[in-house]
$ cat data-v4.txt   # compact mmCIF, C-alpha atoms
# COMPACT_ATOMS: atom_id res chain seq x y z
CA MET A 20 0.00 0.00 0.00
CA ASN A 21 1.27 3.41 -0.87
CA ARG A 22 0.50 5.47 2.21
CA ARG A 23 0.61 8.81 0.47
CA PHE A 24 -3.09 8.36 -0.34
CA GLU A 25 -4.12 6.98 3.05
CA ASN A 26 -5.74 10.26 4.04
CA GLU A 27 -8.43 9.65 1.41
CA LEU A 28 -9.64 6.55 3.25
CA SER A 29 -11.85 5.90 6.24
CA ASP A 30 -10.28 4.21 9.28
CA SER A 31 -11.87 0.83 8.56
CA LEU A 32 -10.71 0.85 4.94
CA LYS A 33 -7.27 1.99 6.00
CA SER A 34 -6.85 -0.87 8.47
CA SER A 35 -8.14 -3.40 5.93
CA LEU A 36 -5.61 -2.21 3.39
CA ARG A 37 -2.82 -2.39 5.94
CA SER A 38 -3.82 -5.96 6.76
CA LEU A 39 -3.73 -6.84 3.11
CA GLU A 40 -0.31 -5.30 2.71
CA ALA A 41 1.01 -7.07 5.82
CA ALA A 42 -0.20 -10.42 4.48
CA ALA A 43 1.80 -9.83 1.30
CA HIS A 44 5.05 -9.41 3.17
CA ASP A 45 5.55 -12.59 5.12
CA ASP A 46 8.38 -15.00 4.42
CA ALA A 47 6.22 -17.51 2.58
CA VAL A 48 5.16 -14.85 0.06
CA GLU A 49 8.73 -13.69 -0.41
CA ALA A 50 9.77 -17.29 -1.07
CA ALA A 51 6.88 -17.78 -3.50
CA ALA A 52 7.85 -14.58 -5.34
CA GLU A 53 11.44 -15.80 -5.65
CA ALA A 54 10.34 -19.21 -6.90
CA ALA A 55 7.97 -17.66 -9.44
CA GLN A 56 10.71 -15.32 -10.59
CA ALA A 57 13.11 -18.23 -11.05
CA ARG A 58 10.60 -20.05 -13.27
CA LEU A 59 9.65 -17.02 -15.34
CA PRO A 60 12.59 -16.87 -17.84
CA ALA A 61 12.14 -20.49 -18.93
CA ARG A 62 8.46 -19.91 -19.57
CA LEU A 63 9.08 -16.81 -21.62
CA GLN A 64 11.77 -18.64 -23.56
CA ARG A 65 9.37 -21.47 -24.33
CA ALA A 66 6.71 -19.06 -25.50
CA GLN A 67 9.25 -17.17 -27.58
CA GLY A 68 10.41 -20.39 -29.23
CA THR A 69 6.98 -20.83 -30.74
CA THR A 70 6.96 -17.24 -31.92
CA ARG A 71 10.42 -17.51 -33.46
CA THR A 72 9.45 -20.60 -35.44
CA LEU A 73 6.64 -18.67 -37.05
CA SER A 74 8.88 -15.67 -37.64
CA ARG A 75 11.58 -17.72 -39.39
CA ALA A 76 8.99 -19.44 -41.52
CA ALA A 77 7.73 -16.08 -42.72
CA SER A 78 11.14 -14.68 -43.57
CA ARG A 79 12.30 -17.75 -45.52
CA SER A 80 9.34 -18.67 -47.58
CA GLY A 81 7.06 -15.72 -47.41
CA TRP A 82 3.53 -15.53 -46.21
CA ALA A 83 2.42 -18.90 -47.56
CA VAL A 84 4.65 -20.78 -45.14
CA ALA A 85 3.82 -18.46 -42.27
CA VAL A 86 0.13 -18.81 -42.93
CA GLY A 87 0.59 -22.58 -43.14
CA ALA A 88 2.39 -22.59 -39.81
CA MET A 89 -0.32 -20.41 -38.31
CA ILE A 90 -3.00 -22.78 -39.56
CA ALA A 91 -1.11 -25.78 -38.18
CA LEU A 92 -0.78 -24.03 -34.84
CA ALA A 93 -4.42 -22.98 -34.86
CA VAL A 94 -5.52 -26.50 -35.74
CA GLY A 95 -3.36 -27.86 -32.95
CA ILE A 96 -4.93 -25.46 -30.50
CA VAL A 97 -8.49 -25.36 -31.70
CA ILE A 98 -9.23 -28.98 -32.49
CA PRO A 99 -8.73 -30.21 -28.94
CA MET A 100 -10.88 -27.31 -27.74
CA LEU A 101 -13.63 -28.21 -30.18
CA SER A 102 -13.88 -31.66 -28.71
CA SER A 103 -16.30 -31.86 -25.86
CA GLY A 104 -15.22 -30.89 -22.37
CA SER A 105 -15.75 -34.44 -21.20
CA ASP A 106 -13.37 -35.76 -23.88
CA ALA A 107 -10.71 -33.29 -22.80
CA PHE A 108 -11.20 -34.25 -19.18
CA ALA A 109 -11.07 -37.95 -20.12
CA ALA A 110 -7.70 -37.32 -21.80
CA ALA A 111 -6.40 -35.71 -18.61
CA GLN A 112 -7.81 -38.55 -16.53
CA ALA A 113 -6.12 -41.09 -18.83
CA ARG A 114 -2.75 -39.53 -18.11
CA PHE A 115 -3.15 -40.39 -14.44
CA ARG A 116 -3.90 -44.00 -15.34
CA ASP A 117 -0.94 -44.49 -17.63
CA PHE A 118 2.41 -42.96 -16.78
CA LYS A 119 5.96 -44.14 -16.21
CA THR A 120 6.61 -41.59 -13.50
CA LEU A 121 4.56 -38.78 -12.05
CA SER A 122 6.54 -36.09 -10.26
CA MET A 123 4.81 -33.39 -8.27
CA THR A 124 5.48 -30.46 -6.01
CA VAL A 125 2.95 -30.40 -3.21
CA THR A 126 2.28 -27.23 -1.24
CA GLN A 127 -0.09 -27.15 1.71
CA ARG A 128 -1.73 -23.90 2.71
CA PHE A 129 -3.85 -22.71 5.56
CA GLY A 130 -5.66 -19.52 4.73
CA ASN A 131 -3.32 -18.80 1.81
CA ARG A 132 -0.27 -19.29 4.02
CA ALA A 133 2.09 -21.97 2.71
CA THR A 134 2.88 -24.28 5.60
CA ASN A 135 4.64 -27.19 3.96
CA THR A 136 6.16 -27.98 0.57
CA SER A 137 7.38 -31.40 -0.51
CA ARG A 138 8.45 -33.20 -3.67
CA THR A 139 6.78 -36.50 -4.49
CA VAL A 140 7.33 -38.97 -7.29
CA VAL A 141 5.41 -42.15 -8.00
CA ASP A 142 6.12 -44.74 -10.69
CA ALA A 143 3.91 -47.15 -12.61
CA ARG A 144 4.49 -49.90 -10.02
CA GLY A 145 3.12 -47.68 -7.29
CA VAL A 146 6.43 -47.03 -5.55
CA LEU A 147 6.25 -43.57 -4.07
CA ARG A 148 8.97 -41.29 -2.78
CA THR A 149 8.42 -38.07 -0.86
CA ASP A 150 11.20 -35.63 -0.04
CA VAL A 151 10.46 -33.13 2.69
CA GLY A 152 13.09 -30.42 2.49
CA THR A 153 16.63 -31.75 2.44
CA GLN A 154 16.38 -33.67 5.68
CA LEU A 155 13.84 -36.41 5.19
CA SER A 156 12.81 -38.84 2.45
CA VAL A 157 10.17 -41.55 2.68
CA ILE A 158 9.89 -44.32 0.08
CA VAL A 159 6.68 -46.34 0.25
CA ASP A 160 7.34 -49.55 -1.68
CA ALA A 161 3.91 -51.15 -1.98
CA PRO A 162 5.09 -54.10 -4.16
CA ARG A 163 7.58 -55.10 -1.45
CA GLY A 164 5.27 -54.11 1.39
CA ARG A 165 7.73 -51.85 3.15
CA ILE A 166 8.61 -48.26 3.90
CA LEU A 167 12.12 -46.85 3.86
CA THR A 168 12.68 -43.66 5.83
CA LEU A 169 15.91 -41.76 5.25
CA LEU A 170 17.25 -39.12 7.60
CA HIS A 171 19.87 -37.41 5.50
CA GLU A 172 21.84 -35.41 8.00
CA PRO A 173 22.69 -38.29 10.37
CA ARG A 174 22.60 -40.60 7.30
CA GLN A 175 20.27 -43.07 8.93
CA ALA A 176 17.91 -45.50 7.17
CA MET A 177 14.94 -47.19 8.73
CA ILE A 178 12.93 -49.97 7.10
CA ALA A 179 9.47 -50.83 8.40
CA PRO A 180 6.63 -52.93 7.00
CA ILE A 181 3.67 -51.04 5.57
CA PRO A 182 0.97 -51.12 8.26
CA LYS A 183 -1.93 -53.33 7.31
CA THR A 184 -4.60 -50.76 8.06
CA ALA A 185 -6.52 -49.74 4.97
CA ALA A 186 -5.73 -46.08 5.53
CA ALA A 187 -2.03 -46.73 5.58
CA GLN A 188 -2.06 -49.02 2.56
CA ASP A 189 -3.65 -46.56 0.20
CA GLY A 190 -2.85 -43.51 2.26
CA ALA A 191 0.03 -42.42 0.06
CA LEU A 192 -1.99 -40.85 -2.76
CA PRO A 193 -5.68 -41.64 -2.19
CA TRP A 194 -6.75 -38.89 -4.58
CA LEU A 195 -4.86 -40.61 -7.41
CA GLU A 196 -6.96 -43.74 -7.14
CA GLU A 197 -10.13 -41.67 -6.76
CA LEU A 198 -9.26 -39.62 -9.81
CA ARG A 199 -8.48 -42.70 -11.90
CA ALA A 200 -11.82 -44.26 -10.96
CA PHE A 201 -13.84 -41.03 -11.20
CA LYS A 202 -17.01 -41.45 -13.28
CA GLY A 203 -19.01 -38.40 -12.22
CA ASN A 204 -19.40 -35.06 -13.94
CA ALA A 205 -16.37 -32.83 -14.09
CA THR A 206 -17.54 -29.23 -14.48
CA ALA A 207 -15.42 -27.42 -17.08
CA LEU A 208 -14.36 -23.93 -16.00
CA LYS A 209 -14.79 -21.09 -18.46
CA GLU A 210 -11.59 -19.32 -17.60
CA THR A 211 -8.13 -20.51 -18.54
CA ARG A 212 -4.83 -20.12 -16.69
CA ILE A 213 -1.26 -19.87 -17.89
CA ILE A 214 0.72 -22.58 -16.15
CA ASP A 215 4.35 -23.27 -17.05
CA GLY A 216 3.83 -21.04 -20.08
CA ARG A 217 0.97 -23.17 -21.38
CA THR A 218 -2.71 -22.37 -21.56
CA ALA A 219 -4.50 -24.59 -19.05
CA HIS A 220 -8.17 -25.56 -18.95
CA GLY A 221 -9.79 -26.37 -15.65
CA TRP A 222 -12.39 -28.72 -14.23
CA LEU A 223 -14.07 -28.83 -10.88
CA LEU A 224 -14.89 -32.26 -9.54
CA GLN A 225 -16.11 -33.78 -6.33
CA LEU A 226 -14.15 -36.80 -5.16
CA PRO A 227 -14.80 -38.83 -2.01
CA GLY A 228 -11.84 -37.07 -0.40
CA GLY A 229 -13.20 -33.60 -1.21
CA ALA A 230 -13.55 -31.06 -4.01
CA MET A 231 -10.67 -30.42 -6.37
CA THR A 232 -9.82 -28.29 -9.35
CA LEU A 233 -7.70 -29.91 -12.05
CA TRP A 234 -5.87 -27.94 -14.76
CA ALA A 235 -4.57 -29.51 -17.98
CA ASP A 236 -3.13 -28.14 -21.22
CA ASP A 237 -4.69 -28.36 -24.69
CA ASP A 238 -3.39 -31.92 -25.09
CA GLY A 239 -4.95 -33.04 -21.84
CA LEU A 240 -1.64 -33.10 -20.00
CA PRO A 241 -2.41 -32.35 -16.33
CA LEU A 242 -0.37 -29.42 -15.05
CA ALA A 243 -1.80 -28.52 -11.68
CA MET A 244 -4.43 -29.40 -9.15
CA ARG A 245 -5.89 -27.83 -6.02
CA GLN A 246 -7.50 -29.97 -3.37
CA GLN A 247 -9.79 -28.44 -0.76
CA GLY A 248 -9.45 -29.88 2.70
CA GLY A 249 -11.40 -28.99 5.80
CA GLY A 250 -10.79 -25.98 8.02
CA GLY A 251 -9.27 -23.80 5.32
CA LEU A 252 -6.64 -26.34 4.24
CA GLU A 253 -5.74 -26.25 0.55
CA ILE A 254 -3.22 -28.51 -1.17
CA ASP A 255 -1.68 -27.37 -4.45
CA TYR A 256 -0.02 -29.82 -6.82
CA ARG A 257 2.18 -29.06 -9.82
CA PHE A 258 2.65 -32.09 -12.07
CA GLU A 259 5.33 -33.35 -14.37
CA PHE A 260 4.76 -36.62 -16.21
CA ASP A 261 7.36 -39.21 -17.25
CA ARG A 262 10.40 -37.31 -16.08
CA PRO A 263 13.30 -39.82 -16.00
CA ILE A 264 13.97 -40.82 -12.39
CA PRO A 265 17.13 -42.77 -11.43
CA PRO A 266 15.97 -46.22 -10.22
CA ALA A 267 17.95 -45.83 -6.99
CA LEU A 268 15.69 -42.96 -5.95
CA LEU A 269 12.69 -45.27 -6.02
CA SER A 270 14.36 -48.20 -4.29
CA SER A 271 13.44 -49.18 -0.75
CA ASP A 272 16.92 -50.58 -0.20
CA PRO A 273 19.00 -48.28 2.00
CA PRO A 274 21.50 -46.29 -0.09
CA ALA A 275 25.20 -46.76 0.42
CA GLY A 276 26.60 -44.83 3.37
CA TYR A 277 23.37 -44.87 5.39
CA MET A 278 23.39 -46.67 8.74
CA PRO A 279 20.38 -48.97 9.30
CA VAL A 280 18.42 -48.20 12.47
CA ALA A 281 15.57 -50.19 14.00
CA PRO A 282 12.07 -48.83 13.65
CA ASP A 283 10.65 -47.19 16.75
CA GLU A 284 8.53 -49.53 18.86
CA GLU A 285 4.94 -48.37 19.22
CA MET B 22 1.08 -11.60 -36.07
CA SER B 23 3.82 -12.41 -33.62
CA PHE B 24 5.85 -9.92 -31.64
CA LEU B 25 9.12 -10.91 -33.34
CA ASN B 26 7.57 -10.66 -36.76
CA SER B 27 5.54 -7.53 -36.23
CA PRO B 28 6.36 -4.02 -37.36
CA HIS B 29 5.85 -2.98 -33.74
CA ARG B 30 8.94 -4.84 -32.66
CA SER B 31 11.39 -2.66 -34.47
CA VAL B 32 9.68 0.44 -33.13
CA PHE B 33 9.62 -1.12 -29.70
CA VAL B 34 13.29 -2.03 -29.74
CA THR B 35 14.48 1.10 -31.50
CA GLU B 36 12.63 3.48 -29.25
CA LEU B 37 13.04 1.67 -26.00
CA GLY B 38 16.22 -0.33 -26.44
CA GLU B 39 17.05 -4.00 -25.98
CA SER B 40 16.97 -3.60 -22.20
CA ASP B 41 13.22 -3.13 -22.58
CA ALA B 42 12.76 -6.51 -24.23
CA PRO B 43 10.24 -8.66 -22.37
CA GLU B 44 12.97 -10.92 -20.92
CA ALA B 45 14.83 -7.97 -19.45
CA LEU B 46 11.61 -6.47 -18.11
CA ALA B 47 10.68 -9.82 -16.58
CA HIS B 48 14.07 -9.96 -14.88
CA GLN B 49 13.77 -6.42 -13.56
CA TYR B 50 10.10 -6.24 -12.63
CA GLY B 51 8.98 -9.88 -12.33
CA ARG B 52 8.93 -9.86 -8.53
CA ALA B 53 7.08 -6.54 -8.38
CA VAL B 54 4.46 -7.86 -10.79
CA PHE B 55 4.06 -11.04 -8.72
CA LYS B 56 3.60 -9.01 -5.55
CA ALA B 57 1.16 -6.60 -7.14
CA ALA B 58 -0.96 -9.58 -8.18
CA TYR B 59 -0.52 -11.27 -4.80
CA ARG B 60 -1.78 -8.23 -2.90
CA VAL B 61 -5.05 -8.47 -4.78
CA LEU B 62 -5.35 -12.26 -4.84
CA GLY B 63 -3.67 -13.48 -1.67
CA ASP B 64 -2.78 -16.67 -3.52
CA ALA B 65 0.74 -17.47 -4.74
CA ALA B 66 -0.27 -19.89 -7.51
CA LEU B 67 -2.77 -17.45 -9.01
CA ALA B 68 -0.34 -14.55 -8.62
CA GLU B 69 2.23 -16.52 -10.58
CA ASP B 70 -0.30 -17.15 -13.33
CA VAL B 71 -0.95 -13.42 -13.56
CA GLN B 72 2.78 -12.70 -13.56
CA GLN B 73 3.30 -15.06 -16.51
CA GLU B 74 0.31 -13.69 -18.36
CA VAL B 75 1.56 -10.12 -18.04
CA PHE B 76 4.93 -10.95 -19.63
CA LEU B 77 3.55 -13.36 -22.21
CA ARG B 78 1.26 -10.58 -23.40
CA LEU B 79 4.30 -8.36 -23.83
CA LEU B 80 5.70 -10.99 -26.18
CA GLU B 81 2.49 -11.42 -28.10
CA ALA B 82 1.29 -7.83 -28.30
CA PRO B 83 3.94 -5.32 -27.26
CA PRO B 84 2.59 -1.89 -26.40
CA ALA B 85 3.72 0.82 -28.81
CA ASP B 86 4.53 3.62 -26.42
CA VAL B 87 5.25 3.04 -22.75
CA LYS B 88 6.50 5.97 -20.73
CA SER B 89 6.94 4.14 -17.43
CA TRP B 90 7.39 0.38 -17.37
CA PRO B 91 6.87 0.01 -13.59
CA ALA B 92 3.54 1.83 -13.84
CA TYR B 93 2.51 -0.05 -16.97
CA LEU B 94 3.41 -3.47 -15.55
CA SER B 95 1.88 -2.91 -12.13
CA ALA B 96 -1.30 -1.68 -13.79
CA SER B 97 -1.34 -4.82 -15.95
CA ALA B 98 -0.82 -6.99 -12.88
CA VAL B 99 -3.60 -5.34 -10.90
CA ARG B 100 -6.01 -5.50 -13.84
CA GLY B 101 -5.21 -9.16 -14.45
CA ALA B 102 -5.54 -10.00 -10.76
CA ILE B 103 -8.86 -8.17 -10.43
CA ASP B 104 -10.18 -10.18 -13.37
CA VAL B 105 -9.06 -13.43 -11.74
CA LEU B 106 -10.61 -12.38 -8.43
CA ARG B 107 -13.91 -11.59 -10.11
CA ARG B 108 -13.94 -14.83 -12.11
CA GLN B 109 -13.22 -16.82 -8.97
CA ARG B 110 -16.07 -15.19 -7.13
CA ARG B 111 -18.42 -15.79 -10.05
CA TRP B 112 -17.56 -19.48 -10.18
CA TRP B 113 -17.93 -20.09 -6.51
CA ARG B 114 -21.27 -18.30 -6.61
CA VAL B 115 -22.73 -20.35 -9.49
CA LEU B 116 -21.55 -23.66 -8.09
CA PRO B 117 -23.46 -24.04 -4.85
CA LEU B 118 -22.26 -27.62 -4.50
CA TRP B 119 -18.82 -26.36 -3.67
CA SER B 120 -19.72 -23.08 -2.09
CA ALA B 121 -19.43 -24.65 1.34
CA GLN B 122 -15.77 -25.19 0.57
CA GLU B 123 -15.11 -21.83 -1.02
CA PRO B 124 -11.66 -20.84 0.23
CA THR B 125 -12.55 -17.20 0.68
CA ALA B 126 -15.59 -18.12 2.75
CA ALA B 127 -14.03 -20.84 4.83
CA PRO B 128 -14.50 -20.46 8.54
CA SER B 129 -11.56 -19.09 10.38
CA ALA B 130 -8.92 -21.71 11.05
CA GLU B 131 -6.84 -21.51 14.16
CA HIS B 132 -3.88 -20.49 12.06
CA GLU B 133 -5.57 -17.48 10.57
CA THR B 134 -4.97 -14.24 12.29
CA ILE B 135 -7.44 -11.39 12.53
CA GLU B 136 -5.23 -9.50 10.09
CA ARG B 137 -5.59 -12.24 7.50
CA GLU B 138 -9.33 -12.36 7.92
CA ARG B 139 -9.51 -8.62 7.48
CA ALA B 140 -7.37 -8.81 4.34
CA GLN B 141 -9.53 -11.61 2.95
CA ARG B 142 -12.70 -9.64 3.59
CA LEU B 143 -11.28 -6.74 1.65
CA ARG B 144 -10.47 -9.11 -1.25
CA ASP B 145 -14.01 -10.45 -1.15
CA ALA B 146 -15.40 -6.93 -1.18
CA LEU B 147 -13.07 -5.96 -4.06
CA ALA B 148 -14.25 -8.97 -6.06
CA ALA B 149 -17.84 -7.81 -5.63
CA LEU B 150 -17.16 -4.29 -6.98
CA PRO B 151 -17.81 -3.35 -10.60
CA ARG B 152 -14.66 -4.09 -12.59
CA ARG B 153 -13.62 -0.49 -13.22
CA GLU B 154 -14.08 0.47 -9.58
CA ALA B 155 -11.98 -2.47 -8.42
CA GLN B 156 -9.25 -1.62 -10.92
CA CYS B 157 -9.15 2.06 -9.97
CA PHE B 158 -9.10 1.21 -6.27
CA GLY B 159 -6.30 -1.35 -6.69
CA LEU B 160 -4.15 0.97 -8.76
CA ARG B 161 -4.61 3.89 -6.40
CA TYR B 162 -4.34 2.28 -2.99
CA LEU B 163 -2.39 -0.91 -3.60
CA GLN B 164 -0.02 0.38 -6.24
CA GLY B 165 -0.03 4.05 -5.31
CA LEU B 166 -0.59 5.42 -8.81
CA ASP B 167 -1.53 9.05 -9.38
CA ILE B 168 -4.90 9.85 -10.88
CA GLY B 169 -3.27 10.77 -14.19
CA ASP B 170 -1.46 7.43 -14.41
CA ILE B 171 -4.62 5.49 -13.59
CA ALA B 172 -6.49 7.44 -16.28
CA LEU B 173 -3.76 6.56 -18.75
CA ALA B 174 -3.62 2.90 -17.78
CA LEU B 175 -7.38 2.40 -17.94
CA GLU B 176 -8.04 4.81 -20.81
CA MET B 177 -10.40 6.92 -18.74
CA SER B 178 -10.59 10.65 -18.12
CA GLU B 179 -9.12 11.91 -14.84
CA ASN B 180 -12.52 13.16 -13.80
CA ASN B 181 -14.00 9.73 -14.42
CA VAL B 182 -11.25 8.11 -12.34
CA ASN B 183 -12.04 10.42 -9.43
CA VAL B 184 -15.74 9.64 -9.61
CA THR B 185 -15.09 5.90 -9.93
CA LEU B 186 -12.71 5.95 -6.95
CA HIS B 187 -15.26 7.80 -4.85
CA ARG B 188 -17.89 5.17 -5.65
CA ALA B 189 -15.45 2.34 -4.94
CA ARG B 190 -14.55 3.76 -1.54
CA ARG B 191 -18.17 4.21 -0.56
CA ARG B 192 -19.12 0.71 -1.64
CA LEU B 193 -16.15 -0.85 0.15
CA GLU B 194 -16.76 1.12 3.32
CA SER B 195 -20.34 -0.01 3.29
CA ARG B 196 -19.42 -3.66 2.76
CA LEU B 197 -16.57 -3.68 5.26
CA GLY B 198 -18.62 -1.76 7.79
CA ASP B 199 -21.07 -4.65 7.86
CA THR B 200 -18.36 -7.03 8.96
CA ALA B 201 -16.07 -4.77 10.95
CA ALA B 202 -17.82 -5.52 14.22
CA GLU B 203 -17.34 -9.26 13.74
CA ILE B 204 -13.58 -9.08 13.43
CA ALA B 205 -12.72 -6.20 15.69
CA PRO B 206 -10.16 -7.39 18.26

$ encode --input "data-v4.txt" --output "structure tokens"
Amino acid sequence: MNRRFENELSDSLKSSLRSLEAAAHDDAVEAAAEAAQARLPARLQRAQGTTRTLSRAASRSGWAVAVGAMIALAVGIVIPMLSSGSDAFAAAQARFRDFKTLSMTVTQRFGNRATNTSRTVVDARGVLRTDVGTQLSVIVDAPRGRILTLLHEPRQAMIAPIPKTAAAQDGALPWLEELRAFKGNATALKETRIIDGRTAHGWLLQLPGGAMTLWADDDGLPLAMRQQGGGGLEIDYRFEFDRPIPPALLSSDPPAGYMPVAPDEE
Amino acid sequence: MSFLNSPHRSVFVTELGESDAPEALAHQYGRAVFKAAYRVLGDAALAEDVQQEVFLRLLEAPPADVKSWPAYLSASAVRGAIDVLRRQRRWWRVLPLWSAQEPTAAPSAEHETIERERAQRLRDALAALPRREAQCFGLRYLQGLDIGDIALALEMSENNVNVTLHRARRRLESRLGDTAAEIAP
């Protein structure tokens, strides 16, 4: 807030504006601004790449080539949009059913305040790794029925069986199974977003675990998701499909140099 | 027609120099644009979307004559964020199924401070304003633009900006007055 105009405002409006300004200056927002700034050049570069292709086409072969490129681009953009919303959503849903790896950044928020960010990757077998900061990694190896917990600073590794309670067995990514099996109506949103430099279309859907908004590009590639929890909790996901992951990262065998420790007794 | 292939580009680059290319502007003002959008939206993911949109538009349709890039970019960010805020409100309103889980209407969690509630109520009230009023208010009181700059950014007369700001203030005071008693410490 620029306070040089504060005198134009009533006291209640002034204090509301100050609250709004204060909320924009906490550490989480500063970190988010830095992260967004770091991602910005790559996105502009990607967008510019498309523009340059068209520009070169025009200069080499005249308007015919440029117009051809434009038409190809337009067809690529428009045809998926002409298909029904349910088809586009089905394409996005299919991506969650068939991937080699799915990497995601997960940010939890309470009342717009980021409280926790982690990196998660899951492969087609269902092995799932979550890295919380630089200190802790958890690998849930469902095929082998065990969990490997790595504490990186003391270089300790702990292996424990996956608890047999239903919640623990599918507790890793319950929304993924719900989304794969979803057969209800996904409500297409009218507005689009720009995510990772790509135009993203959104759908609202109600899953057993709660409401969520899913965003996917023109090809149906899911880019982001927001899950609504109770009590003001929101969980934001940013997706990346089929990124090569070294097999060792998804192994529940303790890595070299880590000392095995016994699981804590309950 | 693309930015790189348009006649505007040469004018743009010749008059303003390579340092005013979108990449350089993004480097210099990216954070400020993010924060301008965040102040309105209170949501980092949406603010980042607005930030990207502002600079992608510079690539696609560069403005011909910009006297002050900070003013131009912050105005773009506030306008974009106001649009997102209004769209969000519209969607939550027309989808009663999810309205119980609307983030902006969620009951206060333990973690939320009175300050945050107050800020969120102002965002809600801004989203309910007519578009022009919300834009004028955001540019004046969040970005600190002079009346002349707001008039330029929104292609309005200065007199019209003053009238619009007056209406915005009255509407907001009325809306916030209704809830002030609930959140007063």

$ atom_distance --input "data-v4.txt" --atom1 "CA of Thr124 in chain A" --atom2 "CA of Tyr256 in chain A"
5.6 Å

$ residues_around --input "data-v4.txt" --residues "Gln225 in chain A" --least-positions-apart "3" --cutoff "9 Å" --atoms "only C-alpha atoms" --output "ChimeraX atom specification"
/A:203-205,228-232 /B:118-119

$ residues_around --input "data-v4.txt" --residues "Arg107 in chain B" --least-positions-apart "5" --cutoff "12 Å" --atoms "only C-alpha atoms" --output "PDB file with C-alpha atoms, keeping the file's coordinate frame"
ATOM      1  CA  GLU A 210     -11.590 -19.320 -17.600  1.00  0.00           C
TER       2      GLU A 210
ATOM      3  CA  VAL B  61      -5.050  -8.470  -4.780  1.00  0.00           C
ATOM      4  CA  LEU B  62      -5.350 -12.260  -4.840  1.00  0.00           C
ATOM      5  CA  ARG B 100      -6.010  -5.500 -13.840  1.00  0.00           C
ATOM      6  CA  GLY B 101      -5.210  -9.160 -14.450  1.00  0.00           C
ATOM      7  CA  ALA B 102      -5.540 -10.000 -10.760  1.00  0.00           C
ATOM      8  CA  TRP B 112     -17.560 -19.480 -10.180  1.00  0.00           C
ATOM      9  CA  TRP B 113     -17.930 -20.090  -6.510  1.00  0.00           C
ATOM     10  CA  ARG B 114     -21.270 -18.300  -6.610  1.00  0.00           C
ATOM     11  CA  ARG B 144     -10.470  -9.110  -1.250  1.00  0.00           C
ATOM     12  CA  ASP B 145     -14.010 -10.450  -1.150  1.00  0.00           C
ATOM     13  CA  ALA B 146     -15.400  -6.930  -1.180  1.00  0.00           C
ATOM     14  CA  LEU B 147     -13.070  -5.960  -4.060  1.00  0.00           C
ATOM     15  CA  ALA B 148     -14.250  -8.970  -6.060  1.00  0.00           C
ATOM     16  CA  ALA B 149     -17.840  -7.810  -5.630  1.00  0.00           C
ATOM     17  CA  LEU B 150     -17.160  -4.290  -6.980  1.00  0.00           C
ATOM     18  CA  PRO B 151     -17.810  -3.350 -10.600  1.00  0.00           C
ATOM     19  CA  ARG B 152     -14.660  -4.090 -12.590  1.00  0.00           C
ATOM     20  CA  ARG B 153     -13.620  -0.490 -13.220  1.00  0.00           C
ATOM     21  CA  ALA B 155     -11.980  -2.470  -8.420  1.00  0.00           C
ATOM     22  CA  GLN B 156      -9.250  -1.620 -10.920  1.00  0.00           C
TER      23      GLN B 156
END

$ atom_distance --input "data-v4.txt" --atom1 "CA of Arg116 in chain A" --atom2 "CA of Leu167 in chain A"
25.2 Å

$ residues_around --input "data-v4.txt" --residues "Gln164 in chain B" --least-positions-apart "5" --cutoff "12 Å" --atoms "only C-alpha atoms" --output "JSON, numbers by chain"
{"A": [20, 21, 22, 23, 24, 36, 40], "B": [53, 54, 56, 57, 58, 59, 60, 61, 91, 92, 93, 94, 95, 96, 97, 98, 99, 100, 156, 157, 158, 159, 170, 171]}

$ atom_distance --input "data-v4.txt" --atom1 "CA of Ala55 in chain A" --atom2 "CA of Val157 in chain A"
26.9 Å

$ closest_residue --input "data-v4.txt" --among "A:Leu170, A:Leu147, A:Leu268, A:Leu226" --to "Glu197 in chain A" --atoms "only C-alpha atoms"
A:Leu226

$ closest_residue --input "data-v4.txt" --among "B:Gln73, B:Gln49, B:Ser89, B:Thr185" --to "chain A" --atoms "all atoms listed in the file"
B:Gln73

$ closest_residue --input "data-v4.txt" --among "B:Ala172, B:Leu166, B:Leu46, B:Ala66" --to "Val125 in chain A" --atoms "all atoms listed in the file"
B:Ala66

$ closest_residue --input "data-v4.txt" --among "A:Ser34, A:Gln154, A:Gln64, A:Gln175" --to "Glu44 in chain B" --atoms "only C-alpha atoms"
A:Gln64

$ decode --input "data-v4.txt" --residues "range 62-67 of chain B" --atoms "N, CA and C atoms" --output "JSON list (two decimals), in the first residue's frame"
[["chain", "number", "residue", "atom", "x", "y", "z"],
["B", 62, "LEU", "N", -4.81, -10.90, -4.85],
["B", 62, "LEU", "CA", -5.35, -12.26, -4.84],
["B", 62, "LEU", "C", -5.12, -13.02, -3.54],
["B", 63, "GLY", "N", -3.99, -12.73, -2.88],
["B", 63, "GLY", "CA", -3.67, -13.48, -1.67],
["B", 63, "GLY", "C", -3.42, -14.95, -1.94],
["B", 64, "ASP", "N", -2.98, -15.27, -3.14],
["B", 64, "ASP", "CA", -2.78, -16.67, -3.52],
["B", 64, "ASP", "C", -1.56, -16.73, -4.44],
["B", 65, "ALA", "N", -0.53, -17.47, -4.00],
["B", 65, "ALA", "CA", 0.74, -17.47, -4.74],
["B", 65, "ALA", "C", 0.60, -18.10, -6.12],
["B", 66, "ALA", "N", -0.15, -19.20, -6.22],
["B", 66, "ALA", "CA", -0.27, -19.89, -7.51],
["B", 66, "ALA", "C", -0.97, -18.99, -8.53],
["B", 67, "LEU", "N", -2.03, -18.33, -8.09],
["B", 67, "LEU", "CA", -2.77, -17.45, -9.01],
["B", 67, "LEU", "C", -1.94, -16.21, -9.35]]
